Amino acid sequence: MTTLTVLLALTGVLLLGSSRLSISIRLVAIQGFLLGMTALWGESGFHAAGLSSGLSGMLVKGIVLPWLLLFVLKQSGARREIEPFIGFGASMLIGLLLMGLSAWIAWRMQLVEQGLSPALFTVALDLMLVGLFLIITRRKAITQTLGYLIMENGVYALGVGAGTEFSFLLEIGVLLDVFVGVFLMGIMIFRIDREFEHIDTDRFIELRDTASGKLPVEAGEGVR
Amino acid sequence: MNPWLFVWIPAIAGCMAYFISNDALRRTLWLSVAFLHLIGSLFAASPPLTLFPGAWFGFDSLTALFLPITSILFLGASVYGVGALRRDARMPHPDRLPRRSFRFSPEAIFSGCMLLFLASMSGVILSRHFGLQWVVIEATTLASAPLIYYHRSRHSLEAAWKYLMICSVGIALALLGVFCLALAGSGAIETLTIEGMLERAGVLKTAWLKLAFIFILIGYGTKMGLAPLHTWLPDAHSEAPSPVSALLSGALLNCAFLSILRVHQVCLPCGIGDFSRDLFTLFGLVSMGLAGIFILHQPEYKRMLAYSSVEHMGILSLGVGLGAAGAYGSMLHALNHSLVKAMLFMAAGNILWMYRTKTASAIRGILRRNPTAGALWLGGFIAIAGSPPFGTFLSEFIVLRTLLDQSRWLAAAIYTLSLLTAFVGMASIMLRMALGDPNPTETREKLDPLCIAPPLILGFLALGLGVFIPRDLHLTLIQAAQAIGGFMP
């Protein structure tokens, strides 16, 4: 269990430092696997109740979604994250700070009384913050999708740590939502690449409130 | 009546719609499901309401109010949508993509996603379990993102991406809130239903409950469009096809609001009702103030309507925050705003079709060029501004009177000032569009009756609510207000 949480935290820090998008996707895949393992093992050895959710999580977050994103990446021709708003070295440093912050919050909240594992809680919070950080500071649409997935992983880890017994049906529902969400994002990145010939979301500035610049008349087809 | 029907019938019909290639058949299916949904929801909303203890779906007073709103709007938007698809088929756009055999036609995707959108919204309104509620709220985002992207243009792509990203991240935070809610109880599944939480109101841990409320307010508040979390809203509402904008604004924002109210319902008996009320008030006032500023000098009329939605969501939130009669005002305003805003977005869709531009300054003299479209636009303006014959006046006035009753002078000042700012901003934009002489080169074209009837009927409903509130509706409103800690004096 401890090994798993340490490894999970490690993927978080490495993700902040990686500039190659294909490596980032693979790191998220590893993260998905590790999360499935935590659901399977739990605090005290093998945990049969987590079998279904652990395995389905591994399948979706460890295999299917990373494979889909790698496919989109290949189609778009983007290779690496260029000039993020905060550099890779600084990002890793911030990642360490975020982990410290998460540990401090976990310590302050006196989780043991709640029956929560402080280590898992720290990692969960850390992953959510890392995901948010990536969404805010990176340009490529694909990295933002990864950020969303990492954040979702963090929330999932908290659910595992809290021992929330969502029924199997609900777990599948949550997983299906995440799957369809990332699938839609993948399709959209594909179209963004075709339409704009780049996938940099910081260049999405055509929609705004000021009257400056001509807003071209919508020339799409269909319902008005 | 089994509440699962409201979710399953539209969901199955939606999946079928993708595979039906005959336009007439698909439209018939679409409209008949919309009609059935309305009949069913009116039937289910009439007393006595049946709550199934421990069940994940059920009818209560809030459902009895919000489900018919969604049904009425969906039927209106569907009729309008069919009309709009019909007029586009007569005049195909030169950019129309060639149809490929292995793909679903754009219209099939449109109607399929609309029906799935209805299914997920019904799910949100009916759900009694916080985990299930999360699943269906995320499903509304997923079903509506392709609808926003329907035009296949750069702008709609940008809007749909922002919508999907911002709302998904917000809703992920709400999931954190749901886990906190579980931690406030014992973490077992049965306790995550509203009844289960209310039964244990005395033993819930308030610290975790507060945390849960904050995360859920931020998460679902993003979806509801509370400022400053509203950034996706103007883009999505202005780029989506008009019937979709009508649904997003009139039905979806309400669904998100209802989901926050569910947690508020749990907070009330646990003694932290004041905490949640203060947050509602704060977000409400901030939304109203910010939206008022953005409405002034807004160059695009659909964006202006979107900011107006942010403002009205602020009124709803403020009303709940005040409690007492304010909660009644808030519930009544939810109904009024949905009717009026859906009507306005449809009227805007007609104008967009006539002029092919979203820029307000490029449009003059709608009333002379097409009296029907102009009259709808002007009528909508009078209604959304909260003028006396319309129901919006009544509900906005109730909220104001509650503010004055509670001697909240500063909040009352912000409230009236924001309403005034929005009024001035909308008047200058909408009146200039409707009045004046049209450009003589513009031809007069006939609007499809299917695109006129829905906004007209919605407008008359909003007018009727200002004159007379039926007894059953009044009782439902009182019960809904009582459920969220208010009453009717």
# chains A, B, ... in the order shown; residues from 1 in each chain; ligands from 1
call {"tool": "interface_residues", "arguments": {"of": "chain B", "to": "chain A", "cutoff": "7 Å", "atoms": "only C-alpha atoms", "output": "ChimeraX atom specification"}}
result
/B:81,84-85,88,93,95-96,131-132,135,138-139,142,151-155,158,169,172,176,179,182,187-189,235,241-242,298-299,349,352-353,356-357
call {"tool": "write_last_selection", "arguments": {"atoms": "C-alpha atoms", "output": "compact mmCIF listing (two decimals), in the first residue's frame"}}
result
# COMPACT_ATOMS: atom_id res chain seq x y z
CA GLY B 81 -35.67 22.63 -33.75
CA ALA B 84 -35.29 25.20 -38.01
CA LEU B 85 -34.02 21.96 -39.54
CA ASP B 88 -32.36 24.82 -43.44
CA HIS B 93 -25.93 26.13 -46.92
CA ASP B 95 -20.65 24.89 -46.84
CA ARG B 96 -22.70 21.83 -46.03
CA GLY B 131 -23.65 9.73 -6.26
CA LEU B 132 -26.22 9.06 -8.95
CA VAL B 135 -23.22 10.72 -12.72
CA GLU B 138 -21.77 14.88 -15.88
CA ALA B 139 -23.92 13.09 -18.45
CA LEU B 142 -21.44 15.08 -22.31
CA HIS B 151 -22.38 24.18 -36.54
CA ARG B 152 -18.93 22.66 -37.05
CA SER B 153 -17.33 26.10 -37.13
CA ARG B 154 -14.16 27.31 -35.43
CA HIS B 155 -16.15 29.37 -32.98
CA GLU B 158 -13.79 26.76 -29.24
CA VAL B 169 -13.24 20.14 -14.00
CA ALA B 172 -14.86 16.72 -10.70
CA LEU B 176 -14.94 15.53 -4.12
CA PHE B 179 -17.15 12.07 -1.01
CA ALA B 182 -20.18 10.49 2.51
CA GLY B 187 -19.62 6.38 4.30
CA ALA B 188 -22.17 3.68 3.62
CA ILE B 189 -24.19 3.79 0.45
CA ASP B 235 -19.44 31.37 -25.34
CA PRO B 241 -27.96 26.53 -32.14
CA SER B 242 -30.80 28.58 -30.68
CA GLN B 298 -22.37 43.98 -25.19
CA PRO B 299 -21.80 43.85 -28.96
CA GLY B 349 -32.67 32.31 -33.45
CA LEU B 352 -30.09 35.20 -36.58
CA TRP B 353 -31.67 33.28 -39.43
CA ARG B 356 -27.15 35.97 -40.52
CA THR B 357 -25.22 37.99 -37.97
call {"tool": "residues_around", "arguments": {"residues": "Gly365 in chain B", "least_positions_apart": "3", "cutoff": "9 Å", "atoms": "only C-alpha atoms", "output": "list in words"}}
result
Arg368, Arg369, Asn370, Gly374, Arg432, Met433, Ala434, Leu435, Gly436, Asp437, Pro438 and Asn439 of chain B
call {"tool": "select_by_dssp", "arguments": {"residues": "range 52-219 of chain A", "states": "helix (DSSP H, G or I)", "output": "ChimeraX atom specification"}}
result
/A:52-76,88-108,111-114,118-137,141-162,168-196,201-203
call {"tool": "residues_around", "arguments": {"residues": "Asp472 in chain B", "least_positions_apart": "3", "cutoff": "10 Å", "atoms": "only C-alpha atoms", "output": "PyMOL selection string"}}
result
chain B and resi 45-47+469+475-478
call {"tool": "write_last_selection", "arguments": {"atoms": "C-alpha atoms", "output": "PDB file, in the first residue's frame"}}
result
ATOM      1  CA  ALA B  45     -46.297  16.588 -10.642  1.00  0.00           C
ATOM      2  CA  SER B  46     -49.939  16.696  -9.659  1.00  0.00           C
ATOM      3  CA  PRO B  47     -50.537  15.684  -6.051  1.00  0.00           C
ATOM      4  CA  ILE B 469     -51.027  31.607 -10.518  1.00  0.00           C
ATOM      5  CA  LEU B 475     -49.157  24.908  -3.457  1.00  0.00           C
ATOM      6  CA  THR B 476     -46.221  23.285  -5.252  1.00  0.00           C
ATOM      7  CA  LEU B 477     -44.242  26.527  -5.009  1.00  0.00           C
ATOM      8  CA  ILE B 478     -44.961  26.807  -1.283  1.00  0.00           C
TER       9      ILE B 478
END
call {"tool": "residues_around", "arguments": {"residues": "Thr137 in chain A", "least_positions_apart": "6", "cutoff": "10 Å", "atoms": "only C-alpha atoms", "output": "list in words"}}
result
Glu83, Pro84, Phe85, Ile86, Gly87, Ser91, Thr143, Gln144 and Asp202 of chain A
call {"tool": "write_last_selection", "arguments": {"atoms": "C-alpha atoms", "output": "PDB file, in the first residue's frame"}}
result
ATOM      1  CA  GLU A  83       7.104  26.961 -23.567  1.00  0.00           C
ATOM      2  CA  PRO A  84       4.610  26.303 -20.787  1.00  0.00           C
ATOM      3  CA  PHE A  85       3.599  29.334 -18.740  1.00  0.00           C
ATOM      4  CA  ILE A  86       5.700  27.924 -15.896  1.00  0.00           C
ATOM      5  CA  GLY A  87       8.885  26.033 -16.835  1.00  0.00           C
ATOM      6  CA  SER A  91       6.823  23.029 -12.162  1.00  0.00           C
ATOM      7  CA  THR A 143      -2.128  18.151 -21.804  1.00  0.00           C
ATOM      8  CA  GLN A 144      -5.280  19.771 -20.445  1.00  0.00           C
ATOM      9  CA  ASP A 202      -4.123  29.739 -25.347  1.00  0.00           C
TER      10      ASP A 202
END
call {"tool": "residues_around", "arguments": {"residues": "range 325-332 of chain B", "least_positions_apart": "5", "cutoff": "10 Å", "atoms": "only C-alpha atoms", "output": "VMD selection string"}}
result
chain B and resid 62 65 to 66 312 to 320 337 391 to 392 394 to 403 405 465 469 473 to 474 476 to 489
call {"tool": "atom_distance", "arguments": {"atom1": "CA of Ala324 in chain B", "atom2": "CA of Thr416 in chain B"}}
result
19.4 Å
call {"tool": "closest_residue", "arguments": {"among": "B:Thr141, B:Ser308, B:Asn22, B:Thr206", "to": "Gly273 in chain B", "atoms": "only C-alpha atoms"}}
result
B:Thr206
call {"tool": "residues_around", "arguments": {"residues": "Tyr355 in chain B", "least_positions_apart": "4", "cutoff": "10 Å", "atoms": "only C-alpha atoms", "output": "list in words"}}
result
Val217 of chain A; Gly349, Asn350, Ile351, Thr359, Ala362, Ile363, Arg364, Ile366 and Glu442 of chain B
call {"tool": "write_last_selection", "arguments": {"atoms": "N, CA and C atoms", "output": "mmCIF file, in the first residue's frame"}}
result
data_model
loop_
_atom_site.group_PDB
_atom_site.id
_atom_site.type_symbol
_atom_site.label_atom_id
_atom_site.label_comp_id
_atom_site.auth_asym_id
_atom_site.auth_seq_id
_atom_site.Cartn_x
_atom_site.Cartn_y
_atom_site.Cartn_z
ATOM 1 N N VAL A 217 -19.178 36.557 -39.677
ATOM 2 C CA VAL A 217 -20.513 35.981 -39.636
ATOM 3 C C VAL A 217 -20.371 34.468 -39.624
ATOM 4 N N GLY B 349 -32.968 33.244 -32.367
ATOM 5 C CA GLY B 349 -32.665 32.314 -33.449
ATOM 6 C C GLY B 349 -33.325 32.743 -34.744
ATOM 7 N N ASN B 350 -34.581 33.221 -34.658
ATOM 8 C CA ASN B 350 -35.259 33.721 -35.858
ATOM 9 C C ASN B 350 -34.523 34.919 -36.439
ATOM 10 N N ILE B 351 -34.075 35.815 -35.543
ATOM 11 C CA ILE B 351 -33.366 37.015 -36.007
ATOM 12 C C ILE B 351 -32.041 36.621 -36.655
ATOM 13 N N THR B 359 -24.033 40.247 -34.497
ATOM 14 C CA THR B 359 -23.663 41.575 -34.030
ATOM 15 C C THR B 359 -24.909 42.452 -33.946
ATOM 16 N N ALA B 362 -25.485 45.642 -36.249
ATOM 17 C CA ALA B 362 -25.736 45.459 -37.682
ATOM 18 C C ALA B 362 -27.230 45.293 -37.969
ATOM 19 N N ILE B 363 -28.035 45.244 -36.919
ATOM 20 C CA ILE B 363 -29.455 44.945 -37.097
ATOM 21 C C ILE B 363 -30.300 46.147 -36.692
ATOM 22 N N ARG B 364 -31.218 46.525 -37.576
ATOM 23 C CA ARG B 364 -32.158 47.607 -37.257
ATOM 24 C C ARG B 364 -33.506 47.300 -37.876
ATOM 25 N N ILE B 366 -36.261 45.428 -37.041
ATOM 26 C CA ILE B 366 -36.846 44.092 -37.185
ATOM 27 C C ILE B 366 -38.358 44.187 -37.278
ATOM 28 N N GLU B 442 -32.995 44.808 -47.814
ATOM 29 C CA GLU B 442 -33.328 43.526 -47.200
ATOM 30 C C GLU B 442 -34.718 43.071 -47.634
#
call {"tool": "atom_distance", "arguments": {"atom1": "CA of Thr372 in chain B", "atom2": "CA of Glu300 in chain B"}}
result
21.3 Å
call {"tool": "atom_distance", "arguments": {"atom1": "CA of Tyr163 in chain B", "atom2": "CA of Lys74 in chain A"}}
result
24.9 Å
